[in-house]
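Student: Just so it is clear, I am handing over input_10.txt, which has compact mmCIF, C-alpha atoms and all ligand atoms.
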```
# COMPACT_ATOMS: atom_id res chain seq x y z
CA MET A 1 106.46 12.59 198.53
CA ARG A 2 106.70 16.38 198.41
CA TYR A 3 103.88 18.28 200.09
CA LEU A 4 102.74 21.88 200.26
CA VAL A 5 100.95 22.80 203.49
CA THR A 6 99.14 26.16 203.35
CA GLY A 7 98.55 27.74 206.75
CA ALA A 8 101.76 26.06 207.97
CA ALA A 9 102.30 28.56 210.78
CA GLY A 10 98.77 27.91 212.02
CA PHE A 11 97.72 25.54 214.78
CA ILE A 12 96.76 22.48 212.69
CA GLY A 13 99.08 23.29 209.76
CA SER A 14 102.20 23.26 211.96
CA HIS A 15 101.24 19.87 213.47
CA LEU A 16 100.54 18.51 209.98
CA CYS A 17 104.00 19.61 208.80
CA THR A 18 105.52 17.77 211.78
CA GLY A 19 103.51 14.62 210.98
CA LEU A 20 104.54 14.59 207.32
CA LEU A 21 108.19 15.35 208.09
CA ALA A 22 108.25 12.60 210.74
CA GLN A 23 107.32 10.02 208.13
CA GLY A 24 110.24 11.16 205.94
CA ASP A 25 108.44 13.35 203.43
CA ASP A 26 109.49 16.74 202.04
CA VAL A 27 107.32 19.68 203.09
CA ILE A 28 107.04 23.27 201.91
CA GLY A 29 105.09 25.40 204.37
CA LEU A 30 103.32 28.57 203.23
CA ASP A 31 101.78 31.19 205.51
CA ASP A 32 101.22 34.95 205.39
CA PHE A 33 101.42 35.26 209.20
CA SER A 34 98.06 37.00 209.30
CA LYS A 35 97.40 34.73 212.26
CA GLY A 36 100.27 32.27 212.05
CA LYS A 37 103.04 32.29 214.65
CA ARG A 38 106.76 31.97 213.95
CA GLU A 39 107.26 29.96 217.16
CA ARG A 40 105.11 27.17 215.65
CA ILE A 41 107.49 26.71 212.70
CA THR A 42 110.79 27.21 214.56
CA PRO A 43 111.03 23.50 215.59
CA LEU A 44 110.27 22.45 211.99
CA ARG A 45 113.47 24.12 210.81
CA ASN A 46 115.39 21.23 212.44
CA TYR A 47 114.18 19.00 209.62
CA PRO A 48 116.37 19.39 206.51
CA ARG A 49 113.35 18.33 204.43
CA PHE A 50 111.35 21.39 205.56
CA LYS A 51 111.24 24.65 203.63
CA PHE A 52 109.16 27.65 204.56
CA THR A 53 107.97 30.41 202.31
CA ALA A 54 106.17 33.49 203.59
CA GLY A 55 103.41 34.75 201.34
CA SER A 56 99.72 34.97 200.69
CA LEU A 57 97.48 32.77 198.58
CA SER A 58 96.53 35.97 196.77
CA GLU A 59 99.95 35.93 195.05
CA GLU A 60 99.22 33.65 192.11
CA LYS A 61 102.73 33.63 190.60
CA HIS A 62 104.28 32.67 193.95
CA LEU A 63 101.66 29.93 194.29
CA GLN A 64 102.47 28.58 190.81
CA ASP A 65 106.20 28.47 191.62
CA ILE A 66 105.61 26.49 194.82
CA ILE A 67 102.98 24.15 193.44
CA GLU A 68 105.33 23.17 190.63
CA GLN A 69 107.72 21.80 193.27
CA VAL A 70 105.27 19.49 195.09
CA ASP A 71 103.15 16.36 194.49
CA VAL A 72 100.26 17.00 196.89
CA ILE A 73 98.73 20.12 198.51
CA TYR A 74 97.16 20.28 201.96
CA HIS A 75 95.11 23.48 201.93
CA LEU A 76 94.57 24.66 205.50
CA ALA A 77 95.10 28.43 205.25
CA ALA A 78 91.91 30.23 206.20
CA VAL A 79 90.41 32.86 208.45
CA VAL A 80 89.32 30.83 211.49
CA GLY A 81 87.70 31.55 214.87
CA VAL A 82 84.15 32.62 215.74
CA LYS A 83 85.17 36.04 217.09
CA ARG A 84 86.96 36.76 213.79
CA TYR A 85 83.90 35.81 211.70
CA VAL A 86 81.74 38.29 213.51
CA GLU A 87 84.41 41.03 213.36
CA ASP A 88 85.50 40.72 209.74
CA PRO A 89 83.16 38.82 207.40
CA ILE A 90 84.77 40.45 204.32
CA MET A 91 88.15 38.94 205.16
CA VAL A 92 86.53 35.56 205.83
CA ILE A 93 85.00 35.45 202.34
CA GLU A 94 88.09 36.97 200.67
CA VAL A 95 90.47 34.35 202.06
CA ASN A 96 88.29 31.28 202.46
CA VAL A 97 86.60 31.60 199.06
CA ASN A 98 88.68 33.82 196.73
CA HIS A 99 92.07 32.58 197.83
CA THR A 100 90.88 28.97 197.77
CA LEU A 101 89.76 29.56 194.18
CA ASN A 102 93.26 30.87 193.33
CA LEU A 103 94.82 27.77 194.79
CA LEU A 104 92.41 25.35 193.13
CA LYS A 105 92.96 26.92 189.69
CA VAL A 106 96.73 26.52 189.95
CA ALA A 107 96.46 23.00 191.38
CA TRP A 108 94.07 21.97 188.61
CA GLN A 109 96.29 23.46 185.87
CA SER A 110 99.26 21.52 187.22
CA GLY A 111 97.30 18.34 188.03
CA LYS A 112 98.26 18.31 191.74
CA LYS A 113 96.08 16.61 194.33
CA VAL A 114 94.42 18.82 196.97
CA ILE A 115 93.26 17.89 200.47
CA PHE A 116 90.96 20.68 201.63
CA ALA A 117 90.42 21.43 205.32
CA SER A 118 86.74 22.12 205.83
CA THR A 119 84.73 22.21 209.02
CA SER A 120 81.81 20.81 211.00
CA GLU A 121 80.41 24.37 210.83
CA VAL A 122 79.19 23.60 207.29
CA TYR A 123 76.29 21.61 208.81
CA GLY A 124 75.16 24.79 210.58
CA LYS A 125 72.29 24.39 213.01
CA ASN A 126 70.92 21.18 211.52
CA GLU A 127 69.40 19.43 214.53
CA ALA A 128 69.61 15.90 213.10
CA VAL A 129 72.81 14.61 214.69
CA PRO A 130 75.04 12.78 214.06
CA PHE A 131 75.99 14.63 210.89
CA HIS A 132 76.63 12.38 207.91
CA GLU A 133 78.77 13.83 205.12
CA ASP A 134 75.61 14.15 202.98
CA SER A 135 73.53 15.82 205.74
CA ALA A 136 71.77 19.08 204.89
CA ARG A 137 73.24 22.47 205.76
CA VAL A 138 70.99 24.74 207.84
CA TYR A 139 72.00 28.38 208.31
CA GLY A 140 70.51 31.45 209.91
CA SER A 141 70.03 34.91 208.45
CA SER A 142 72.84 36.81 206.71
CA THR A 143 72.41 39.50 209.40
CA ALA A 144 74.04 37.04 211.82
CA ASP A 145 77.70 37.32 210.78
CA ARG A 146 78.66 34.01 212.39
CA TRP A 147 77.27 32.19 209.35
CA CYS A 148 79.81 33.80 207.01
CA TYR A 149 82.42 31.19 207.93
CA ALA A 150 80.07 28.24 207.31
CA VAL A 151 78.98 29.84 204.04
CA SER A 152 82.60 30.50 203.01
CA LYS A 153 83.72 26.92 203.69
CA SER A 154 80.60 25.59 202.00
CA ALA A 155 81.30 27.73 198.92
CA ALA A 156 84.91 26.52 198.96
CA GLU A 157 83.67 22.90 199.06
CA HIS A 158 81.53 23.63 195.98
CA LEU A 159 84.62 25.02 194.24
CA CYS A 160 86.61 21.92 195.25
CA LEU A 161 83.94 19.55 193.97
CA GLY A 162 83.58 21.58 190.76
CA PHE A 163 87.30 21.24 190.06
CA ALA A 164 87.12 17.54 190.99
CA ARG A 165 84.52 17.11 188.23
CA LYS A 166 87.03 18.72 185.87
CA GLY A 167 89.63 16.12 186.89
CA LEU A 168 91.34 17.57 189.98
CA PRO A 169 92.30 14.78 192.43
CA LEU A 170 90.66 15.93 195.66
CA VAL A 171 89.71 14.99 199.23
CA ILE A 172 87.69 17.12 201.68
CA VAL A 173 88.07 16.67 205.44
CA ARG A 174 85.66 18.32 207.89
CA TYR A 175 87.24 18.87 211.29
CA PHE A 176 85.23 18.89 214.52
CA ASN A 177 86.52 21.22 217.30
CA VAL A 178 90.23 20.51 217.32
CA TYR A 179 92.31 21.29 220.44
CA GLY A 180 95.82 20.65 221.73
CA PRO A 181 99.27 22.23 222.08
CA HIS A 182 99.90 25.35 219.98
CA ALA A 183 96.20 26.21 219.61
CA ASP A 184 95.33 29.90 219.89
CA SER A 185 94.41 30.42 223.52
CA SER A 186 93.42 34.07 223.15
CA ALA A 187 89.83 35.32 222.93
CA TYR A 188 90.03 34.45 219.20
CA GLY A 189 90.86 30.79 219.81
CA GLY A 190 88.67 27.74 220.41
CA VAL A 191 86.88 27.21 223.69
CA ALA A 192 89.12 24.39 224.98
CA SER A 193 92.35 26.39 224.70
CA ARG A 194 90.61 29.50 226.05
CA PHE A 195 89.59 27.56 229.16
CA VAL A 196 93.14 26.23 229.56
CA ASN A 197 94.48 29.77 229.27
CA GLN A 198 91.98 31.04 231.84
CA ILE A 199 92.77 28.32 234.37
CA LEU A 200 96.52 28.84 234.04
CA SER A 201 96.09 32.61 234.39
CA HIS A 202 94.00 32.05 237.55
CA LYS A 203 90.94 33.61 235.91
CA PRO A 204 87.36 32.30 236.01
CA LEU A 205 86.39 29.98 233.13
CA THR A 206 83.90 31.93 231.04
CA VAL A 207 81.07 29.88 229.57
CA HIS A 208 79.05 31.62 226.85
CA GLY A 209 75.28 31.12 227.11
CA ASP A 210 74.09 28.49 229.59
CA GLY A 211 76.78 25.95 228.64
CA SER A 212 74.33 23.29 227.44
CA GLN A 213 75.51 23.57 223.81
CA THR A 214 77.57 20.51 222.86
CA ARG A 215 80.64 19.82 220.72
CA CYS A 216 82.80 16.76 220.02
CA PHE A 217 86.31 17.84 220.97
CA THR A 218 89.06 16.14 219.00
CA TYR A 219 92.70 16.00 220.00
CA ILE A 220 95.16 17.32 217.41
CA GLY A 221 97.10 14.01 217.19
CA ASP A 222 93.95 12.17 216.05
CA ILE A 223 93.17 14.90 213.49
CA ILE A 224 96.67 14.74 212.02
CA ARG A 225 96.53 10.93 211.65
CA GLY A 226 93.16 11.18 209.87
CA THR A 227 94.34 14.01 207.63
CA ILE A 228 97.48 12.16 206.53
CA GLU A 229 95.43 9.01 205.81
CA ALA A 230 92.96 11.11 203.77
CA GLY A 231 95.83 12.41 201.67
CA SER A 232 97.53 9.08 201.11
CA ARG A 233 94.76 6.49 200.55
CA PRO A 234 93.66 6.21 196.89
CA ALA A 235 90.17 5.07 198.03
CA ALA A 236 89.67 8.46 199.72
CA GLU A 237 89.90 10.41 196.47
CA GLY A 238 86.80 12.38 195.48
CA LYS A 239 85.24 11.93 198.94
CA ILE A 240 84.34 14.01 201.99
CA PHE A 241 85.18 12.82 205.53
CA ASN A 242 84.12 13.96 208.97
CA LEU A 243 87.15 13.89 211.27
CA GLY A 244 86.15 14.25 214.88
CA HIS A 245 85.35 12.35 218.05
CA ARG A 246 82.12 10.56 218.93
CA ARG A 247 81.95 11.83 222.51
CA GLU A 248 79.49 14.68 222.84
CA THR A 249 80.45 17.14 225.59
CA SER A 250 78.57 20.23 226.74
CA ILE A 251 80.60 23.41 227.16
CA LEU A 252 79.82 23.37 230.87
CA GLU A 253 81.15 19.79 231.11
CA LEU A 254 84.26 20.88 229.22
CA ALA A 255 84.85 23.66 231.77
CA GLN A 256 84.39 21.15 234.62
CA THR A 257 86.81 18.74 232.91
CA VAL A 258 89.48 21.45 232.53
CA LEU A 259 89.09 22.28 236.23
CA ALA A 260 89.26 18.63 237.31
CA VAL A 261 92.23 17.71 235.09
CA SER A 262 94.23 20.81 236.06
CA GLY A 263 93.86 19.88 239.73
CA THR A 264 93.26 23.51 240.61
CA LYS A 265 90.33 25.25 242.19
CA GLY A 266 88.65 27.68 239.88
CA GLU A 267 85.38 29.38 239.23
CA ILE A 268 83.01 28.98 236.28
CA ILE A 269 81.09 32.08 235.26
CA PHE A 270 78.45 32.56 232.55
CA GLN A 271 78.50 35.35 229.98
CA LYS A 272 75.74 36.31 227.55
CA TYR A 273 76.63 35.71 223.90
CA GLU A 274 75.91 39.36 222.99
CA GLU A 275 78.45 40.59 225.54
CA PHE A 276 81.24 38.64 223.84
CA TYR A 277 80.20 38.44 220.18
CA GLY A 278 77.97 41.51 219.81
CA PRO A 279 74.30 41.56 218.75
CA HIS A 280 72.62 39.01 216.44
CA PHE A 281 74.84 36.13 217.52
CA GLU A 282 73.38 32.70 217.03
CA ASP A 283 75.01 29.54 218.43
CA ILE A 284 74.83 25.97 217.22
CA PRO A 285 73.15 23.75 219.86
CA ARG A 286 74.73 20.38 219.00
CA ARG A 287 77.48 19.17 216.71
CA VAL A 288 78.22 15.45 216.45
CA PRO A 289 79.97 13.61 213.60
CA ASP A 290 79.03 10.33 211.98
CA LEU A 291 82.48 8.79 211.59
CA SER A 292 81.55 5.67 209.59
CA ALA A 293 83.11 6.86 206.33
CA ALA A 294 86.38 7.82 208.03
CA GLU A 295 86.45 4.49 209.90
CA GLN A 296 85.82 2.40 206.78
CA ILE A 297 88.02 4.20 204.29
CA LEU A 298 90.70 5.91 206.43
CA ASP A 299 90.82 3.43 209.32
CA TYR A 300 90.30 6.53 211.48
CA TYR A 301 89.51 5.82 215.13
CA PRO A 302 90.22 8.72 217.50
CA GLN A 303 92.34 7.41 220.36
CA ILE A 304 92.69 10.30 222.77
CA SER A 305 89.99 10.83 225.39
CA LEU A 306 88.99 14.34 226.42
CA GLU A 307 90.62 13.95 229.85
CA VAL A 308 93.94 12.74 228.38
CA GLY A 309 93.91 15.38 225.63
CA ILE A 310 93.13 18.21 228.04
CA GLY A 311 95.90 16.93 230.33
CA LYS A 312 98.44 16.97 227.47
CA THR A 313 97.29 20.46 226.48
CA ILE A 314 97.55 21.86 230.01
CA ASN A 315 101.04 20.35 230.39
CA TRP A 316 102.18 21.89 227.14
CA TYR A 317 100.90 25.36 228.06
CA ARG A 318 102.43 25.05 231.52
CA GLN A 319 105.84 24.25 229.97
CA HIS A 320 105.73 26.79 227.19
CA HIS A 321 103.63 29.87 227.84
CA TYR A 322 103.56 29.94 231.58
CA GLN A 323 107.11 28.82 232.35
CA SER A 324 108.39 32.16 233.58
CA LYS A 325 105.22 33.29 235.35
N1 LIG A 401 90.84 24.55 214.74
C1 LIG A 401 89.69 23.91 214.53
O1 LIG A 401 89.04 23.45 215.48
C2 LIG A 401 89.16 23.73 213.13
C3 LIG A 401 87.90 23.13 212.99
C4 LIG A 401 87.38 22.96 211.73
C5 LIG A 401 88.12 23.33 210.61
N2 LIG A 401 89.34 23.91 210.76
C6 LIG A 401 90.06 24.29 209.54
O2 LIG A 401 91.41 23.84 209.64
C7 LIG A 401 92.28 24.78 209.01
C8 LIG A 401 93.38 25.19 209.98
O3 LIG A 401 92.78 25.79 211.13
P1 LIG A 401 93.62 26.29 212.38
O4 LIG A 401 92.82 26.11 213.59
O5 LIG A 401 94.99 25.73 212.31
O6 LIG A 401 93.66 27.87 212.10
P2 LIG A 401 94.88 28.89 212.22
O7 LIG A 401 94.28 30.26 212.16
O8 LIG A 401 95.74 28.56 213.37
O9 LIG A 401 95.70 28.62 210.88
C9 LIG A 401 95.37 29.21 209.65
C10 LIG A 401 96.65 29.78 209.07
O10 LIG A 401 96.38 30.30 207.76
C11 LIG A 401 97.17 31.47 207.58
N3 LIG A 401 96.54 32.26 206.52
C12 LIG A 401 95.35 32.91 206.57
N4 LIG A 401 95.12 33.51 205.39
C13 LIG A 401 96.17 33.26 204.59
C14 LIG A 401 96.48 33.59 203.25
N5 LIG A 401 95.66 34.34 202.50
N6 LIG A 401 97.65 33.14 202.72
C15 LIG A 401 98.49 32.38 203.48
N7 LIG A 401 98.23 32.02 204.75
C16 LIG A 401 97.08 32.46 205.29
C17 LIG A 401 97.15 32.15 208.96
O11 LIG A 401 98.23 33.04 209.14
C18 LIG A 401 97.21 30.95 209.90
O12 LIG A 401 98.53 30.66 210.27
C19 LIG A 401 91.40 25.93 208.54
O13 LIG A 401 91.13 25.78 207.17
C20 LIG A 401 90.15 25.80 209.35
O14 LIG A 401 89.02 26.30 208.68
C21 LIG A 401 89.88 24.14 212.00
```
Would you write the structure of this file as structure tokens?
Tutor:
Amino acid sequence: MRYLVTGAAGFIGSHLCTGLLAQGDDVIGLDDFSKGKRERITPLRNYPRFKFTAGSLSEEKHLQDIIEQVDVIYHLAAVVGVKRYVEDPIMVIEVNVNHTLNLLKVAWQSGKKVIFASTSEVYGKNEAVPFHEDSARVYGSSTADRWCYAVSKSAAEHLCLGFARKGLPLVIVRYFNVYGPHADSSAYGGVASRFVNQILSHKPLTVHGDGSQTRCFTYIGDIIRGTIEAGSRPAAEGKIFNLGHRRETSILELAQTVLAVSGTKGEIIFQKYEEFYGPHFEDIPRRVPDLSAAEQILDYYPQISLEVGIGKTINWYRQHHYQSK
């Protein structure tokens, strides 16, 4: 098979390229490097079946040329990261909605299957966990910018499902807090990689709020297996799947786990949301997936525990980013 992976220089996109190449498929990676990193695609260049093309999803002609060359499209390119949503909601909507529409139009015209990377954020602050794929979406006011990402991915899902009704072969996967090697460990990254960065830089682990908010952290290897299954099983077509982990972990527990697994002594400090994200920030108290659909149709059972996954992540950062320090 020949695949296009958008967002190939991103955290999940680069791992997905590796997974597809490892099973002997051809992959074209596309990224505009707005947040992608060249170091993530450098190892992929060892595979003769890998091609990379720099460009944006806004360039329709370029998109048409690439899509003509592939059988299936994994659409992962997006503006991601809570700090980015609150800083630039216009860009979030522009890329996650408008550029997704560009891609879907071209895919539909050429009859190419799309696997769309959506997010657990679409459920918003719905308190009825675990979230089933049909669960309601509950959002706060539009004056709280954090909701722009959930709204953008939700709108993109509507576009996906609209094109599916017009005949586009489609699968939607909703990821739950993915972590692992290559994740962005800056202030713009997810909380797990930020904690790893802080511990390796000998800084206190900064918990936002009181740390009682929970997430289900999912190791990148599990996410990639689920994503590849979603793209290759005919029974998955037309469906939405939660891809996550069942274990619910508070952010404070995550910080304690990072400390324990790293084997170092460190301090945990608490920071008010407003100090980090600015005014009007609203967090989501709990986020837990119902994985029954993914288990039944994709045979998806996450295998990596939080302790093992955090250990692998710390080792990777120690070898790569912190080698010379
Ligand atoms: N990381 C997570 O925990 C998580 C959770 C839920 C959903 N997701 C979804 O998974 C996907 C991948 O996320 P990620 O964590 O790898 O993010 P990432 O930011 O590392 O990767 C996204 C990539 O898209 C590229 N990109 C952005 N706009 C583009 C455009 N217009 N044209 C071409 N490339 C563009 C960026 O340069 C970046 O490399 C996203 O769609 C995201 O919404 C991620």
Student: Please compute the CA of Thr6 (chain A)-CA of Thr313 (chain A) distance, one decimal, in Å.
Tutor: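 Between CA of Thr6 (chain A) and CA of Thr313 (chain A) the gap works out to 23.9 Å.
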Student: Give the answer as one residue: which of A:Ile224, A:Leu205, A:Val308, A:Ile93 has the shortest atom-to-atom distance to Val191 (chain A), using all atoms listed in the file?
Tutor: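 Result for the nearest residue to Val191 (chain A): A:Leu205.
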Student: At a cut-off of 7 Å around ligand LIG 401 (chain A), and using only C-alpha atoms and all ligand atoms, what residues come up? Please write them as a PyMOL selection string.
Tutor: chain A and resi 6-13+30-37+55-58+75-80+95+99+117-120+174-179+183-184+190
Student: Counting only C-alpha atoms, figure out which residue out of A:Arg146, A:Arg233, A:Lys166, A:Arg287 gets nearest to Arg84 (chain A).
Tutor: A:Arg146
Student: May I ask for the distance between CA of Glu121 (chain A) and CA of Asp210 (chain A), given in Å to one decimal place?
Tutor: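 Taking CA of Glu121 (chain A) and CA of Asp210 (chain A), their separation equals 20.2 Å.
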Student: If we count all atoms listed in the file, what is near His132 (chain A) at a cut-off of 10 Å, once residues fewer than 2 positions away on the same chain are taken out, given as a list in words?
Tutor: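 Here the answer would be Tyr123, Ala128, Val129, Pro130, Asp134, Ser135, Ala136, Ile240, Phe241, Asn242, Val288, Pro289, Asp290, Leu291, Ser292 and Ala293 of chain A.
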Student: Between CA of Leu44 (chain A) and CA of Gly311 (chain A), what is the spacing in Å?
Tutor: 23.9 Å
Student: Ranking A:Glu307, A:Asp65, A:Glu157, A:Glu133 by minimum distance to Val261 (chain A) and counting all atoms listed in the file, which one comes first?
Tutor: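 Closest candidate: A:Glu307.
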Student: Got a sec: who's within 8 Å of Phe116 (chain A), counting only C-alpha atoms, leaving out chain neighbours fewer than 6 positions off, as a PyMOL selection string?
Tutor: chain A and resi 74-76+160+170-173
